[in-house]
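Student: First, the structure itself, so that you have it in front of you.
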Amino acid sequence: MTRATRRGVTYALAAVVSFFLTACGGGREYAVPEQTCGITVNRTTLDPFLPDGEKVEIVGDSLVETGEDTRGHCEIRVDGKRAMYLRVSKVDKLYDPMGEVDAFRFTNREKMSGLPFPGEGALGDAAAMVNTECTAPGAAYLSVLVTVDGTVDDEVAERRRDLQAFAVDLVPAVKKALGCAA
């Protein structure tokens with residue numbers, strides 16, 4: 001091999017390695033938000049659902065400044081792709097998320113047990129729903145729904161555990177923001 005050929009091969013290999021390091025390097029170029037959809041959230045429990053990317057953006061309504069509306073919803077996007085969807089509904093009675101009316105929201109739905117507050121919960125591979133008391137103006141009860149991108153990783157058991165932890169942290173924050181007495 002001639003010196004020129006070796007030099008050309010070396011440059012080509014360097015370019016290929018540089019391309020793959022750049023493509024695989026990725027990383028997160030944004031901070032995990034402390035406020036999401038009008039709610040102060042636990043950044044530690046939110047973190048697992050935010051993929052690497054350049055920009056995080058919150059799109060939609062505040063979950064607590066719904067005014068006369070009975071529902072607020074928003075989504076967290078990373079580089080334009082939805083990473084998480086949040087919905088809070090003010091409802092007139094305690095609905096069980098294990099009922100058939102909500103079955104379509106879940107894959108591998110199971111009842112959440114051991115909630116640290118009164119209420120009913122259901123957990124799936126990419127969704128969690130918790131319904132709980134709230135004696136605030138315009139709301140006897142709340143329904144909190146969280147859905148995440150179920151294709152982010154292959155660790156379904158870990159995602160489910162993280163999803164439950166996020167939902168259990170989120171519900172008291174929503175109740176506090178709405179001024180729920182219960």
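Going by the structure tokens order, chains are called A, B, ..., each with residues numbered from 1, while ligands are numbered from 1 in the order shown.
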Report as a ChimeraX atom specification all protein, DNA and RNA residues lying within 9 Å of segment 38-51 of chain A, evaluated on only C-alpha atoms, omitting residues in the same chain fewer than 4 positions from it.

Tutor: /A:27-28,32-34,56,61-65,76-78,83-84,148-149,152,159,162-163,165-167,169-170,173-174,177

Student: Could you write those residues out with N, CA, C and O atoms, as a short mmCIF file (atom, residue, chain, number, x, y, z; two decimals), in the first residue's frame?

Tutor:
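Just written: again-v3.cif:
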data_model
loop_
_atom_site.label_atom_id
_atom_site.label_comp_id
_atom_site.auth_asym_id
_atom_site.auth_seq_id
_atom_site.Cartn_x
_atom_site.Cartn_y
_atom_site.Cartn_z
N GLY A 27 -27.15 12.66 23.43
CA GLY A 27 -27.16 13.31 24.72
C GLY A 27 -28.33 14.26 24.84
O GLY A 27 -29.07 14.50 23.90
N ARG A 28 -28.48 14.76 26.02
CA ARG A 28 -29.56 15.68 26.31
C ARG A 28 -28.98 17.08 26.40
O ARG A 28 -28.14 17.34 27.26
N VAL A 32 -34.16 19.09 32.41
CA VAL A 32 -35.47 18.53 32.74
C VAL A 32 -36.26 19.65 33.43
O VAL A 32 -35.78 20.25 34.39
N PRO A 33 -37.45 19.97 32.92
CA PRO A 33 -38.20 21.10 33.48
C PRO A 33 -38.69 20.83 34.91
O PRO A 33 -39.01 19.71 35.26
N GLU A 34 -38.74 21.91 35.70
CA GLU A 34 -39.29 21.84 37.05
C GLU A 34 -40.79 22.08 37.03
O GLU A 34 -41.51 21.58 37.89
N VAL A 56 -36.67 20.74 24.70
CA VAL A 56 -37.90 20.26 25.32
C VAL A 56 -38.91 21.39 25.24
O VAL A 56 -38.56 22.56 25.37
N ASP A 61 -52.54 23.17 27.44
CA ASP A 61 -53.11 23.92 28.54
C ASP A 61 -52.34 23.70 29.83
O ASP A 61 -51.68 22.69 30.01
N SER A 62 -52.53 24.63 30.76
CA SER A 62 -52.12 24.41 32.13
C SER A 62 -53.10 23.41 32.72
O SER A 62 -54.30 23.47 32.45
N LEU A 63 -52.62 22.50 33.51
CA LEU A 63 -53.52 21.51 34.11
C LEU A 63 -54.34 22.09 35.24
O LEU A 63 -55.31 21.48 35.67
N VAL A 64 -53.96 23.25 35.74
CA VAL A 64 -54.68 23.82 36.88
C VAL A 64 -55.42 25.10 36.55
O VAL A 64 -56.31 25.50 37.29
N GLU A 65 -55.10 25.76 35.49
CA GLU A 65 -55.77 27.00 35.13
C GLU A 65 -56.81 26.73 34.05
O GLU A 65 -56.78 27.30 32.97
N ILE A 76 -45.55 17.01 26.65
CA ILE A 76 -44.13 17.36 26.70
C ILE A 76 -43.52 16.77 25.45
O ILE A 76 -43.64 15.57 25.20
N ARG A 77 -42.88 17.63 24.66
CA ARG A 77 -42.26 17.18 23.41
C ARG A 77 -40.75 17.40 23.49
O ARG A 77 -40.29 18.39 24.06
N VAL A 78 -40.03 16.49 22.89
CA VAL A 78 -38.59 16.64 22.75
C VAL A 78 -38.29 16.62 21.27
O VAL A 78 -38.64 15.65 20.57
N ALA A 83 -43.23 13.06 24.07
CA ALA A 83 -42.63 12.14 25.03
C ALA A 83 -43.64 11.76 26.12
O ALA A 83 -43.61 10.64 26.63
N MET A 84 -44.53 12.71 26.47
CA MET A 84 -45.51 12.47 27.54
C MET A 84 -46.74 13.32 27.29
O MET A 84 -46.64 14.47 26.85
N VAL A 148 -47.09 7.86 28.03
CA VAL A 148 -45.72 8.09 27.60
C VAL A 148 -45.45 7.33 26.31
O VAL A 148 -46.22 6.45 25.92
N ASP A 149 -44.35 7.66 25.69
CA ASP A 149 -43.94 6.96 24.47
C ASP A 149 -43.51 5.55 24.87
O ASP A 149 -42.52 5.38 25.57
N VAL A 152 -39.75 4.04 23.62
CA VAL A 152 -38.46 4.64 23.97
C VAL A 152 -37.42 3.58 24.30
O VAL A 152 -36.28 3.70 23.93
N ARG A 159 -40.17 0.79 32.75
CA ARG A 159 -41.04 1.90 32.35
C ARG A 159 -42.30 1.92 33.21
O ARG A 159 -42.73 2.98 33.65
N ASP A 162 -41.41 3.26 36.63
CA ASP A 162 -41.17 4.70 36.55
C ASP A 162 -42.47 5.47 36.33
O ASP A 162 -42.66 6.56 36.89
N LEU A 163 -43.36 4.93 35.53
CA LEU A 163 -44.65 5.56 35.25
C LEU A 163 -45.50 5.65 36.51
O LEU A 163 -46.11 6.68 36.80
N ALA A 165 -44.35 5.66 39.60
CA ALA A 165 -43.70 6.62 40.49
C ALA A 165 -44.03 8.05 40.08
O ALA A 165 -44.32 8.91 40.94
N PHE A 166 -44.01 8.34 38.77
CA PHE A 166 -44.34 9.69 38.31
C PHE A 166 -45.79 10.03 38.63
O PHE A 166 -46.09 11.12 39.14
N ALA A 167 -46.72 9.12 38.35
CA ALA A 167 -48.14 9.38 38.60
C ALA A 167 -48.41 9.60 40.09
O ALA A 167 -49.16 10.51 40.46
N ASP A 169 -46.37 10.75 42.29
CA ASP A 169 -45.84 12.07 42.64
C ASP A 169 -46.68 13.20 42.07
O ASP A 169 -46.83 14.25 42.69
N LEU A 170 -47.21 13.00 40.86
CA LEU A 170 -47.95 14.05 40.18
C LEU A 170 -49.29 14.36 40.83
O LEU A 170 -49.67 15.53 40.96
N ALA A 173 -49.33 16.83 43.68
CA ALA A 173 -48.96 18.16 43.17
C ALA A 173 -50.14 18.82 42.46
O ALA A 173 -50.37 20.03 42.62
N VAL A 174 -50.91 18.05 41.71
CA VAL A 174 -52.10 18.58 41.04
C VAL A 174 -53.15 18.98 42.08
O VAL A 174 -53.73 20.06 42.01
N ALA A 177 -52.08 22.19 43.71
CA ALA A 177 -52.23 23.33 42.80
C ALA A 177 -53.70 23.72 42.62
O ALA A 177 -53.99 24.90 42.42
#

Student: Name the closest residue to Ala139 of chain A among the candidates A:Cys74, A:Val91, A:Val59, A:Cys37; distances are taken between atoms, counting only C-alpha atoms.

Tutor: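 Among the listed residues, A:Val91 lies closest to Ala139 of chain A.
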